[in-house]
$ cat protein-v4.txt   # compact mmCIF, C-alpha atoms
# COMPACT_ATOMS: atom_id res chain seq x y z
CA MET A 16 -69.94 -67.73 43.16
CA LYS A 17 -69.03 -64.78 45.37
CA LYS A 18 -69.76 -66.74 48.54
CA ILE A 19 -67.63 -69.64 47.34
CA LEU A 20 -64.73 -67.35 46.65
CA ILE A 21 -65.05 -65.68 50.02
CA LEU A 22 -65.06 -69.05 51.73
CA LEU A 23 -61.92 -70.05 49.88
CA LEU A 24 -60.27 -66.80 50.90
CA ILE A 25 -61.23 -67.50 54.49
CA THR A 26 -59.59 -70.89 54.09
CA PHE A 27 -56.33 -69.21 53.19
CA ASN A 28 -56.65 -66.58 55.87
CA VAL A 29 -58.83 -67.26 58.86
CA THR A 30 -57.38 -64.40 60.85
CA ALA A 31 -59.79 -62.05 59.15
CA ALA A 32 -62.78 -63.51 60.97
CA PRO A 33 -63.81 -62.81 64.57
CA ALA A 34 -62.34 -64.98 67.30
CA GLN A 35 -63.68 -68.29 68.58
CA ALA A 36 -64.18 -68.51 72.37
CA VAL A 37 -62.18 -71.70 73.03
CA PRO A 38 -59.43 -72.09 70.44
CA ASP A 39 -58.32 -75.57 69.38
CA ARG A 40 -54.54 -75.61 69.89
CA LYS A 41 -53.84 -77.92 66.94
CA ALA A 42 -56.07 -75.85 64.68
CA LEU A 43 -54.19 -72.69 65.62
CA GLU A 44 -50.84 -74.39 65.12
CA GLY A 45 -51.85 -75.74 61.70
CA LEU A 46 -53.28 -72.44 60.52
CA GLU A 47 -50.16 -70.61 61.62
CA VAL A 48 -48.03 -72.99 59.50
CA LEU A 49 -50.26 -72.26 56.53
CA ARG A 50 -50.18 -68.52 57.18
CA ARG A 51 -46.39 -68.46 57.42
CA GLY A 52 -46.17 -70.36 54.15
CA PHE A 53 -48.20 -67.62 52.47
CA ALA A 54 -46.45 -64.77 54.25
CA GLU A 55 -43.06 -65.90 53.02
CA LEU A 56 -43.92 -65.91 49.32
CA THR A 57 -44.31 -63.22 46.70
CA ASP A 58 -45.90 -65.50 44.13
CA PHE A 59 -46.56 -69.15 43.39
CA THR A 60 -47.67 -71.44 40.62
CA ALA A 61 -48.99 -75.00 40.72
CA GLU A 62 -50.59 -77.63 38.54
CA ILE A 63 -54.01 -78.76 39.72
CA THR A 64 -56.27 -81.75 39.23
CA GLN A 65 -59.88 -81.17 40.12
CA GLU A 66 -62.22 -84.11 40.74
CA LYS A 67 -65.90 -83.44 41.06
CA HIS A 68 -68.09 -86.17 42.53
CA LEU A 69 -71.78 -85.51 41.99
CA ALA A 70 -73.84 -87.27 44.65
CA LEU A 71 -76.57 -88.21 42.20
CA MET A 72 -74.15 -89.89 39.85
CA LYS A 73 -71.57 -92.64 39.87
CA GLN A 74 -69.19 -90.88 37.50
CA LYS A 75 -66.79 -88.19 38.54
CA MET A 76 -65.63 -85.28 36.40
CA VAL A 77 -61.89 -84.75 36.24
CA SER A 78 -60.34 -81.49 35.06
CA ARG A 79 -56.71 -80.49 34.92
CA GLY A 80 -55.27 -77.03 35.02
CA MET A 81 -53.00 -74.61 36.81
CA ILE A 82 -53.12 -71.73 39.27
CA ARG A 83 -50.93 -68.67 39.72
CA PHE A 84 -50.85 -66.10 42.46
CA ARG A 85 -48.88 -62.92 42.84
CA LYS A 86 -48.91 -60.48 45.72
CA PRO A 87 -50.52 -58.19 46.51
CA GLY A 88 -53.71 -59.38 44.89
CA THR A 89 -53.71 -61.26 41.59
CA PHE A 90 -55.03 -64.80 41.30
CA TYR A 91 -55.38 -66.83 38.10
CA MET A 92 -56.80 -70.27 37.54
CA GLU A 93 -56.96 -72.07 34.23
CA LEU A 94 -58.73 -75.34 33.55
CA TYR A 95 -57.53 -77.00 30.38
CA PRO A 96 -59.81 -78.21 27.55
CA PRO A 97 -62.16 -79.86 27.04
CA HIS A 98 -64.46 -77.27 28.56
CA GLY A 99 -61.60 -75.02 29.55
CA SER A 100 -62.02 -71.90 31.61
CA ARG A 101 -59.84 -69.08 32.87
CA LEU A 102 -60.52 -67.19 36.07
CA LEU A 103 -58.72 -63.99 36.92
CA MET A 104 -59.14 -62.09 40.15
CA GLN A 105 -57.40 -58.73 40.28
CA ASP A 106 -57.90 -57.35 43.73
CA ASN A 107 -61.71 -57.23 43.88
CA VAL A 108 -62.54 -57.71 40.20
CA LEU A 109 -63.34 -61.27 39.21
CA SER A 110 -63.44 -62.28 35.54
CA ILE A 111 -64.20 -65.71 34.14
CA ARG A 112 -63.69 -66.70 30.50
CA LEU A 113 -65.08 -69.92 29.09
CA THR A 114 -62.58 -70.71 26.39
CA ASP A 115 -64.81 -72.91 24.24
CA GLN A 116 -67.85 -70.64 24.57
CA GLY A 117 -66.07 -67.33 24.07
CA THR A 118 -67.93 -65.67 26.93
CA ILE A 119 -66.50 -63.50 29.71
CA ASP A 120 -68.32 -62.84 32.99
CA ARG A 121 -67.15 -60.03 35.22
CA MET A 122 -68.16 -59.20 38.75
CA VAL A 123 -66.90 -56.63 41.19
CA LEU A 124 -66.67 -57.73 44.81
CA PRO A 125 -67.01 -55.26 47.68
CA PRO A 126 -63.65 -53.59 48.54
CA GLU A 127 -63.49 -55.37 51.91
CA GLN A 128 -63.32 -58.67 49.99
CA SER A 129 -60.39 -57.61 47.82
CA LEU A 130 -57.37 -59.90 47.64
CA THR A 131 -55.06 -57.11 48.78
CA LYS A 132 -57.14 -56.64 51.91
CA TRP A 133 -57.14 -60.36 52.65
CA MET A 134 -53.41 -60.68 52.06
CA ALA A 135 -52.68 -57.77 54.40
CA PHE A 136 -53.82 -59.99 57.27
CA LEU A 137 -51.03 -62.43 56.52
CA SER A 138 -48.55 -60.22 58.31
CA ARG A 139 -50.19 -60.99 61.64
CA PRO A 140 -49.69 -64.29 63.48
CA ILE A 141 -52.83 -66.31 64.12
CA THR A 142 -53.70 -66.30 67.80
CA THR A 143 -57.44 -66.91 67.65
CA LEU A 144 -59.78 -68.99 65.55
CA PRO A 145 -62.59 -67.53 63.48
CA GLU A 146 -66.07 -67.38 64.89
CA GLY A 147 -69.02 -68.89 63.12
CA MET A 148 -67.20 -72.00 61.98
CA GLY A 149 -65.64 -75.06 63.53
CA VAL A 150 -61.92 -75.45 62.91
CA LYS A 151 -59.90 -78.58 63.65
CA GLY A 152 -56.23 -79.29 62.95
CA VAL A 153 -54.65 -82.72 62.50
CA LEU A 154 -50.92 -83.35 62.09
CA GLN A 155 -49.99 -86.71 60.56
CA GLY A 156 -46.34 -87.29 59.77
CA ASN A 157 -45.25 -84.39 57.59
CA SER A 158 -48.76 -83.34 56.67
CA TRP A 159 -51.23 -81.00 58.27
CA THR A 160 -54.95 -81.17 57.56
CA VAL A 161 -57.16 -78.32 58.72
CA HIS A 162 -60.90 -78.96 58.70
CA ILE A 163 -63.16 -75.92 58.46
CA LEU A 164 -66.87 -76.40 59.08
CA PRO A 165 -68.91 -73.28 58.34
CA ALA A 166 -71.99 -72.81 60.49
CA GLY A 167 -75.40 -72.22 58.98
CA THR A 168 -77.13 -73.76 56.03
CA GLY A 169 -74.95 -72.54 53.14
CA GLY A 170 -73.90 -74.84 50.35
CA VAL A 171 -70.50 -75.77 51.80
CA LYS A 172 -70.50 -78.28 54.64
CA GLU A 173 -66.77 -78.73 55.14
CA LEU A 174 -63.46 -77.60 53.72
CA GLN A 175 -60.37 -79.68 54.25
CA ILE A 176 -57.00 -78.26 53.41
CA THR A 177 -53.89 -80.41 53.50
CA PHE A 178 -50.41 -78.91 53.43
CA ASP A 179 -46.83 -79.76 54.34
CA LEU A 180 -44.74 -78.42 57.22
CA GLU A 181 -43.73 -75.42 55.11
CA GLY A 182 -47.33 -74.48 54.39
CA ARG A 183 -47.30 -75.78 50.80
CA ILE A 184 -50.85 -76.80 49.91
CA LYS A 185 -51.22 -80.33 48.57
CA ARG A 186 -54.96 -80.91 48.56
CA LEU A 187 -58.20 -79.01 49.03
CA ALA A 188 -61.45 -80.91 49.53
CA ILE A 189 -64.83 -79.17 49.51
CA GLU A 190 -67.82 -81.11 50.73
CA GLU A 191 -71.22 -79.66 49.91
CA ARG A 192 -74.41 -80.15 51.87
CA ASN A 193 -76.01 -81.84 48.89
CA ARG A 194 -73.26 -84.53 49.25
CA ASP A 195 -71.41 -83.35 46.14
CA ARG A 196 -67.66 -83.27 46.71
CA THR A 197 -64.75 -81.57 44.99
CA VAL A 198 -61.11 -82.48 45.51
CA ILE A 199 -58.36 -80.27 44.10
CA ARG A 200 -54.86 -81.70 44.20
CA PHE A 201 -51.87 -79.39 43.84
CA THR A 202 -48.66 -80.61 42.27
CA SER A 203 -45.45 -79.03 41.00
CA MET A 204 -45.93 -76.10 43.33
CA ARG A 205 -43.21 -73.50 42.82
CA ARG A 206 -42.87 -70.44 44.98
CA ASN A 207 -41.24 -67.08 44.30
CA VAL A 208 -40.70 -67.76 40.61
CA GLY A 209 -41.03 -64.12 39.53
CA LEU A 210 -44.41 -64.23 37.78
CA LYS A 211 -45.05 -61.30 35.46
CA GLU A 212 -48.16 -59.41 34.34
CA LYS A 213 -48.26 -61.49 31.15
CA ASP A 214 -48.76 -64.64 33.25
CA PHE A 215 -52.19 -63.34 34.32
CA ARG A 216 -54.10 -62.91 31.08
CA LEU A 217 -57.61 -64.05 30.32
CA ASN A 218 -57.15 -64.04 26.54
CA MET B 30 -48.28 -69.12 -18.12
CA PHE B 31 -46.75 -68.98 -14.65
CA ARG B 32 -49.37 -66.42 -13.56
CA ASN B 33 -52.15 -68.71 -14.80
CA LEU B 34 -50.64 -71.63 -12.96
CA VAL B 35 -50.46 -69.61 -9.72
CA LEU B 36 -54.04 -68.46 -10.23
CA PHE B 37 -55.15 -72.04 -10.88
CA VAL B 38 -53.40 -73.30 -7.74
CA MET B 39 -54.90 -70.49 -5.64
CA LEU B 40 -58.36 -71.19 -6.98
CA ALA B 41 -57.93 -74.90 -6.42
CA VAL B 42 -56.84 -74.29 -2.84
CA PHE B 43 -59.69 -71.83 -2.28
CA PHE B 44 -62.34 -74.20 -3.61
CA SER B 45 -60.95 -77.16 -1.74
CA LEU B 46 -61.01 -75.13 1.50
CA ALA B 47 -64.48 -73.86 0.74
CA GLY B 48 -65.54 -77.42 0.06
CA CYS B 49 -64.13 -78.49 3.40
CA ALA B 50 -66.11 -75.77 5.10
CA VAL B 51 -69.49 -76.67 3.70
CA ALA B 52 -69.42 -80.40 3.03
CA PRO B 53 -70.61 -82.31 6.10
CA LYS B 54 -68.26 -84.97 7.36
CA PRO B 55 -69.66 -88.38 6.40
CA LEU B 56 -71.09 -90.12 9.45
CA VAL B 57 -69.68 -93.63 9.51
CA GLY B 58 -71.15 -96.48 11.54
CA LEU B 59 -74.73 -95.25 11.84
CA VAL B 60 -77.20 -98.00 12.76
CA PRO B 61 -80.51 -97.34 10.95
CA GLY B 62 -83.37 -96.73 13.38
CA LYS B 63 -81.13 -96.53 16.45
CA GLU B 64 -81.68 -93.38 18.51
CA ALA B 65 -80.47 -91.75 21.71
CA GLU B 66 -82.67 -93.04 24.53
CA THR B 67 -80.31 -91.92 27.28
CA LEU B 68 -77.39 -89.51 27.38
CA GLN B 69 -74.77 -88.77 30.01
CA SER B 70 -72.11 -86.22 29.22
CA PRO B 71 -69.79 -83.59 30.62
CA ILE B 72 -70.81 -80.29 29.09
CA SER B 73 -69.83 -76.69 28.79
CA ILE B 74 -72.73 -74.30 28.85
CA SER B 75 -73.21 -70.60 28.23
CA ILE B 76 -76.43 -68.71 28.82
CA ARG B 77 -76.89 -65.39 27.08
CA THR B 78 -79.63 -63.00 28.06
CA PRO B 79 -80.26 -59.37 27.13
CA ASP B 80 -78.62 -58.52 30.50
CA GLY B 81 -75.36 -60.42 29.91
CA SER B 82 -73.90 -63.88 29.73
CA LYS B 83 -73.08 -66.59 32.23
CA GLY B 84 -71.68 -70.05 31.85
CA GLY B 85 -69.72 -72.90 33.23
CA ARG B 86 -68.82 -76.53 33.00
CA GLY B 87 -71.23 -79.16 34.08
CA TYR B 88 -72.87 -82.48 33.48
CA LEU B 89 -76.04 -83.46 31.67
CA ILE B 90 -78.10 -86.61 32.04
CA PHE B 91 -81.07 -87.23 29.77
CA LYS B 92 -83.62 -89.99 29.48
CA ARG B 93 -86.40 -90.19 26.94
CA PRO B 94 -88.95 -88.93 26.55
CA ASP B 95 -88.22 -85.67 28.35
CA ARG B 96 -86.39 -86.10 31.64
CA PHE B 97 -83.07 -84.44 32.24
CA HIS B 98 -80.73 -83.27 34.96
CA ILE B 99 -78.12 -80.58 34.33
CA ALA B 100 -75.53 -79.61 36.92
CA ILE B 101 -73.58 -76.38 36.40
CA LEU B 102 -70.30 -76.02 38.28
CA SER B 103 -68.16 -73.09 39.33
CA PRO B 104 -64.47 -72.99 38.29
CA PHE B 105 -63.65 -74.31 41.78
CA GLY B 106 -65.91 -77.29 41.13
CA LEU B 107 -68.77 -76.36 43.41
CA THR B 108 -72.30 -76.93 42.19
CA LEU B 109 -73.81 -73.57 41.28
CA MET B 110 -77.13 -74.78 39.92
CA GLU B 111 -78.97 -77.96 39.08
CA VAL B 112 -81.93 -78.14 36.73
CA PHE B 113 -84.28 -81.13 36.67
CA SER B 114 -87.06 -81.63 34.19
CA ASP B 115 -89.82 -84.18 34.29
CA GLY B 116 -92.71 -83.83 31.87
CA ASP B 117 -94.14 -80.35 32.14
CA ARG B 118 -92.42 -79.64 35.46
CA LEU B 119 -89.03 -78.12 36.05
CA THR B 120 -87.02 -77.69 39.25
CA CYS B 121 -84.08 -75.31 39.53
CA LEU B 122 -81.96 -76.02 42.62
CA ILE B 123 -79.40 -73.54 43.97
CA PRO B 124 -77.34 -75.48 46.55
CA SER B 125 -75.46 -72.46 47.95
CA LYS B 126 -78.77 -70.90 49.00
CA ASN B 127 -80.57 -74.13 49.89
CA ILE B 128 -83.38 -72.94 47.67
CA ALA B 129 -85.18 -74.61 44.79
CA TYR B 130 -87.66 -73.06 42.41
CA SER B 131 -90.14 -75.52 41.07
CA GLY B 132 -93.25 -75.44 38.93
CA ARG B 133 -94.73 -75.90 35.52
CA ILE B 134 -92.57 -75.08 32.54
CA ALA B 135 -95.30 -72.75 31.30
CA ASP B 136 -94.79 -70.62 34.44
CA LEU B 137 -91.03 -70.09 34.00
CA PRO B 138 -90.13 -66.40 34.35
CA ALA B 139 -88.51 -64.67 31.39
CA ARG B 140 -85.30 -63.73 33.17
CA GLU B 141 -81.75 -65.00 33.62
CA GLY B 142 -82.23 -67.52 30.83
CA LEU B 143 -84.76 -69.60 32.75
CA ARG B 144 -87.23 -69.64 29.91
CA THR B 145 -84.81 -71.38 27.60
CA TRP B 146 -84.83 -74.39 29.96
CA GLY B 147 -88.50 -74.72 29.15
CA LEU B 148 -87.55 -75.26 25.53
CA MET B 149 -85.52 -78.37 26.38
CA ARG B 150 -88.59 -80.56 26.12
CA TRP B 151 -89.11 -79.36 22.57
CA VAL B 152 -85.38 -79.60 21.78
CA VAL B 153 -85.23 -83.30 22.65
CA GLU B 154 -88.56 -84.22 21.08
CA LYS B 155 -88.12 -86.86 18.40
CA PRO B 156 -88.26 -85.22 14.96
CA PRO B 157 -90.25 -86.71 12.10
CA VAL B 158 -88.38 -89.34 10.11
CA PRO B 159 -86.27 -87.61 7.45
CA GLY B 160 -87.50 -87.99 3.92
CA PRO B 161 -85.95 -87.07 0.61
CA ALA B 162 -86.71 -83.42 1.36
CA LEU B 163 -84.20 -81.54 3.50
CA LYS B 164 -86.93 -79.48 5.17
CA ARG B 165 -90.18 -80.68 6.73
CA ASP B 166 -93.07 -78.91 8.43
CA HIS B 167 -94.39 -80.70 11.46
CA VAL B 168 -96.70 -80.25 14.47
CA THR B 169 -95.03 -80.78 17.86
CA ALA B 170 -96.44 -82.81 20.75
CA ASP B 171 -97.78 -79.62 22.33
CA GLY B 172 -99.47 -78.56 19.11
CA ARG B 173 -96.97 -75.97 17.85
CA ARG B 174 -95.97 -75.80 14.22
CA GLU B 175 -92.29 -76.29 13.54
CA THR B 176 -89.97 -76.61 10.57
CA VAL B 177 -87.21 -79.20 10.75
CA PHE B 178 -84.10 -78.91 8.57
CA TYR B 179 -82.00 -81.99 7.79
CA ASP B 180 -78.71 -82.53 6.04
CA ASN B 181 -78.35 -85.07 3.25
CA GLN B 182 -77.43 -87.79 5.76
CA GLY B 183 -80.76 -87.36 7.55
CA VAL B 184 -79.52 -85.69 10.73
CA VAL B 185 -81.36 -82.64 12.05
CA LEU B 186 -79.47 -79.38 11.52
CA ARG B 187 -82.03 -77.12 13.12
CA LYS B 188 -85.64 -76.75 14.16
CA GLU B 189 -87.69 -73.57 14.22
CA THR B 190 -91.13 -72.94 15.60
CA GLU B 191 -93.49 -70.51 13.98
CA GLU B 192 -93.22 -68.37 17.15
CA GLY B 193 -89.50 -67.93 16.45
CA ASP B 194 -87.84 -70.32 18.91
CA ARG B 195 -84.93 -72.09 17.31
CA VAL B 196 -82.43 -74.83 18.04
CA SER B 197 -79.45 -75.80 15.93
CA PHE B 198 -77.31 -78.92 16.13
CA SER B 199 -73.79 -79.13 14.74
CA ASP B 200 -70.60 -81.15 14.60
CA TYR B 201 -72.28 -84.54 14.67
CA GLN B 202 -70.28 -87.58 15.77
CA VAL B 203 -71.33 -91.21 15.84
CA TYR B 204 -71.52 -92.88 19.23
CA ASP B 205 -72.53 -96.52 19.43
CA GLY B 206 -74.31 -96.32 16.08
CA VAL B 207 -76.15 -93.06 16.88
CA ALA B 208 -75.39 -89.63 15.41
CA PHE B 209 -75.16 -87.03 18.15
CA PRO B 210 -74.27 -83.33 17.88
CA SER B 211 -71.27 -81.94 19.77
CA VAL B 212 -72.88 -78.51 19.91
CA MET B 213 -76.48 -77.50 20.56
CA GLU B 214 -77.66 -73.89 20.46
CA ILE B 215 -81.11 -72.96 21.70
CA SER B 216 -82.44 -69.47 20.98
CA ALA B 217 -85.72 -68.37 22.50
CA VAL B 218 -87.87 -65.78 20.80
CA SER B 219 -87.46 -63.73 24.02
CA GLY B 220 -83.81 -63.07 23.07
CA GLU B 221 -82.26 -65.54 25.51
CA SER B 222 -80.04 -68.33 24.28
CA VAL B 223 -78.22 -71.37 25.63
CA ARG B 224 -75.23 -73.03 23.98
CA ILE B 225 -74.23 -76.49 25.15
CA THR B 226 -71.14 -78.36 23.99
CA PHE B 227 -70.78 -82.04 24.80
CA ASP B 228 -67.57 -83.90 25.50
CA GLU B 229 -67.44 -87.64 24.82
CA PRO B 230 -71.10 -88.29 25.58
CA GLU B 231 -72.22 -91.75 26.63
CA LEU B 232 -75.35 -92.78 24.76
CA ASN B 233 -77.84 -95.46 25.70
CA LYS B 234 -76.08 -96.45 28.92
CA PRO B 235 -78.36 -97.18 31.90
CA VAL B 236 -79.40 -94.08 33.86
CA GLU B 237 -80.27 -94.56 37.50
CA GLU B 238 -83.63 -93.20 38.52
CA GLY B 239 -82.02 -91.32 41.41
CA ALA B 240 -79.90 -89.28 39.02
CA LEU B 241 -83.02 -87.64 37.61
CA VAL B 242 -84.73 -86.75 40.88
CA PRO B 243 -83.67 -83.66 42.86
CA ASN B 244 -82.65 -84.19 46.47
CA LEU B 245 -84.78 -81.59 48.22
CA ASP B 246 -84.10 -82.67 51.82
CA GLY B 247 -83.74 -79.51 53.89
CA VAL B 248 -84.22 -77.32 50.81
CA THR B 249 -86.77 -74.51 50.71
CA VAL B 250 -88.91 -75.07 47.63
CA LEU B 251 -90.48 -71.94 46.16
CA PRO B 252 -92.70 -71.31 43.12
CA PHE B 253 -91.22 -69.62 40.07
CA SER B 254 -93.18 -66.49 40.95
CA ALA B 255 -90.80 -66.03 43.92
CA PHE B 256 -87.70 -66.09 41.69
CA ASN B 257 -85.82 -62.80 41.85
CA GLY B 258 -82.50 -63.82 40.33
CA PHE B 259 -79.55 -65.99 41.19

$ encode --input "protein-v4.txt" --output "structure tokens"
Amino acid sequence: MKKILILLLITFNVTAAPAQAVPDRKALEGLEVLRRGFAELTDFTAEITQEKHLALMKQKMVSRGMIRFRKPGTFYMELYPPHGSRLLMQDNVLSIRLTDQGTIDRMVLPPEQSLTKWMAFLSRPITTLPEGMGVKGVLQGNSWTVHILPAGTGGVKELQITFDLEGRIKRLAIEERNRDRTVIRFTSMRRNVGLKEKDFRLN
Amino acid sequence: MFRNLVLFVMLAVFFSLAGCAVAPKPLVGLVPGKEAETLQSPISISIRTPDGSKGGRGYLIFKRPDRFHIAILSPFGLTLMEVFSDGDRLTCLIPSKNIAYSGRIADLPAREGLRTWGLMRWVVEKPPVPGPALKRDHVTADGRRETVFYDNQGVVLRKETEEGDRVSFSDYQVYDGVAFPSVMEISAVSGESVRITFDEPELNKPVEEGALVPNLDGVTVLPFSAFNGF
């Protein structure tokens, strides 16, 4: 769970990782668009649709929900029933509540993985690509897609993030090495809406 | 007179609510003799151990007599863990680490809720046919003594072994002529428990063989003795 979260944070902010020797120009350009989109906001909210394709099965699982983010470091994700869940990350404390089971898991991430720390990097333009992963950028019409391929044998094979020219994320696809695949689509994204503390509650 | 009337109304409401709480909902459309041979269902699962609780959404596939595949997902949709059971063997695959723990159910370590997976074979074992009595003593396939409790419609409410393992089934619905519980709670005598809730399960639909076999290509397979936590 921790590794997955870290990888997602890297997706939103690759400047935190060491530099790649030969940077891909399109990848840099795309990531800079994404970074600027994040740098210019104080908060955002969006509806999400998550589709999970299990390689061993024909069926796919579809969940709907919403996400909220507020600077400097509060992230909330709710998946609606059936089998609803609420995830709250406050800086480096991650809590997950399963609404139909009544359980809450809490884990504390190391300080260097705190949201505040990650978001601090957003103030710097991206001039190099992260080491230890392949990054490719593709611009098609008004849409960017950045492909991130982590090295090694971890569970995630590829992350694809699609966003518009203002850095608004539209789609996130996560391909796992076991051939499972998750696609999260973002709709009704609203930025700088003035989210309050009460918008980030687990209960 | 008015006070008596109020009291009567309150009592009537109380007893009608109490009645609602205890009277099982009649199961309509049951086909006598028809049973769940296969099951495929989105699930929500929580695992409680003396050290804490964990849980998630997921998917469960089951095929009689005792084969199942459970996938547990993170909130972001990634596969956190897959459990496969076939006879007396169980494989627990952790995709993020490219590691699988595999072995006999009898060798499952008593930590992080793993032992409760070993009870799944007993949980899904066909109970004796219900009789007029609402409670029956029975000997399981592996020779353990159990007590099975039924409701007055003949569905199993819970099973208990003489060692103290227990499983309860609640909120039955009828799917394709078969009564199936929406909630299943397994409690091991070790203090660990697993609660599974099912959402619109598909019963007796074909299950592909491949869905019940772990894909271990490139995965390091270790015995349960090497398990030191997720």

$ residues_around --input "protein-v4.txt" --residues "range 79-82 of chain B" --least-positions-apart "5" --cutoff "9 Å" --atoms "all atoms listed in the file" --output "list of chain:residue names"
A:Thr118, A:Ile119, A:Asp120, B:Arg140, B:Glu141, B:Ser219, B:Gly220, B:Glu221

$ atom_distance --input "protein-v4.txt" --atom1 "CA of Thr177 in chain A" --atom2 "CA of Trp133 in chain A"
20.3 Å

$ residues_around --input "protein-v4.txt" --residues "Lys188 in chain B" --least-positions-apart "2" --cutoff "10 Å" --atoms "all atoms listed in the file" --output "VMD selection string"
chain B and resid 151 to 152 156 164 to 167 175 to 179 185 to 186 190 193 to 198 215

$ interface_residues --input "protein-v4.txt" --of "chain A" --to "chain B" --cutoff "8 Å" --atoms "all atoms listed in the file" --output "VMD selection string"
chain A and resid 16 19 65 to 67 71 to 72 76 94 97 to 98 100 102 113 115 to 116 118 to 120 168 to 171 189 191 to 193 195 to 197

$ write_last_selection --input "protein-v4.txt" --atoms "C-alpha atoms" --output "compact mmCIF listing (two decimals), keeping the file's coordinate frame"
# COMPACT_ATOMS: atom_id res chain seq x y z
CA MET A 16 -69.94 -67.73 43.16
CA ILE A 19 -67.63 -69.64 47.34
CA GLN A 65 -59.88 -81.17 40.12
CA GLU A 66 -62.22 -84.11 40.74
CA LYS A 67 -65.90 -83.44 41.06
CA LEU A 71 -76.57 -88.21 42.20
CA MET A 72 -74.15 -89.89 39.85
CA MET A 76 -65.63 -85.28 36.40
CA LEU A 94 -58.73 -75.34 33.55
CA PRO A 97 -62.16 -79.86 27.04
CA HIS A 98 -64.46 -77.27 28.56
CA SER A 100 -62.02 -71.90 31.61
CA LEU A 102 -60.52 -67.19 36.07
CA LEU A 113 -65.08 -69.92 29.09
CA ASP A 115 -64.81 -72.91 24.24
CA GLN A 116 -67.85 -70.64 24.57
CA THR A 118 -67.93 -65.67 26.93
CA ILE A 119 -66.50 -63.50 29.71
CA ASP A 120 -68.32 -62.84 32.99
CA THR A 168 -77.13 -73.76 56.03
CA GLY A 169 -74.95 -72.54 53.14
CA GLY A 170 -73.90 -74.84 50.35
CA VAL A 171 -70.50 -75.77 51.80
CA ILE A 189 -64.83 -79.17 49.51
CA GLU A 191 -71.22 -79.66 49.91
CA ARG A 192 -74.41 -80.15 51.87
CA ASN A 193 -76.01 -81.84 48.89
CA ASP A 195 -71.41 -83.35 46.14
CA ARG A 196 -67.66 -83.27 46.71
CA THR A 197 -64.75 -81.57 44.99

$ atom_distance --input "protein-v4.txt" --atom1 "CA of Leu154 in chain A" --atom2 "CA of Val208 in chain A"
28.4 Å

$ decode --input "protein-v4.txt" --residues "range 154-176 of chain B" --atoms "C-alpha atoms" --output "CSV table (one decimal), in the first residue's frame"
chain,number,residue,atom,x,y,z
B,154,GLU,CA,-18.3,-27.6,3.0
B,155,LYS,CA,-21.8,-28.8,2.3
B,156,PRO,CA,-23.8,-29.0,5.6
B,157,PRO,CA,-26.0,-31.9,6.4
B,158,VAL,CA,-29.6,-31.6,5.0
B,159,PRO,CA,-31.7,-29.6,7.4
B,160,GLY,CA,-34.2,-31.6,9.4
B,161,PRO,CA,-37.1,-30.5,11.6
B,162,ALA,CA,-34.5,-29.7,14.3
B,163,LEU,CA,-32.9,-26.2,14.1
B,164,LYS,CA,-29.5,-27.6,15.4
B,165,ARG,CA,-27.6,-30.6,14.2
B,166,ASP,CA,-24.3,-32.2,15.3
B,167,HIS,CA,-22.2,-33.5,12.5
B,168,VAL,CA,-18.7,-34.8,11.6
B,169,THR,CA,-16.9,-32.8,9.0
B,170,ALA,CA,-15.0,-34.2,6.0
B,171,ASP,CA,-11.7,-33.9,8.0
B,172,GLY,CA,-13.2,-35.7,11.0
B,173,ARG,CA,-13.9,-32.7,13.2
B,174,ARG,CA,-17.2,-32.5,15.2
B,175,GLU,CA,-19.3,-29.5,14.4
B,176,THR,CA,-22.7,-28.1,15.3
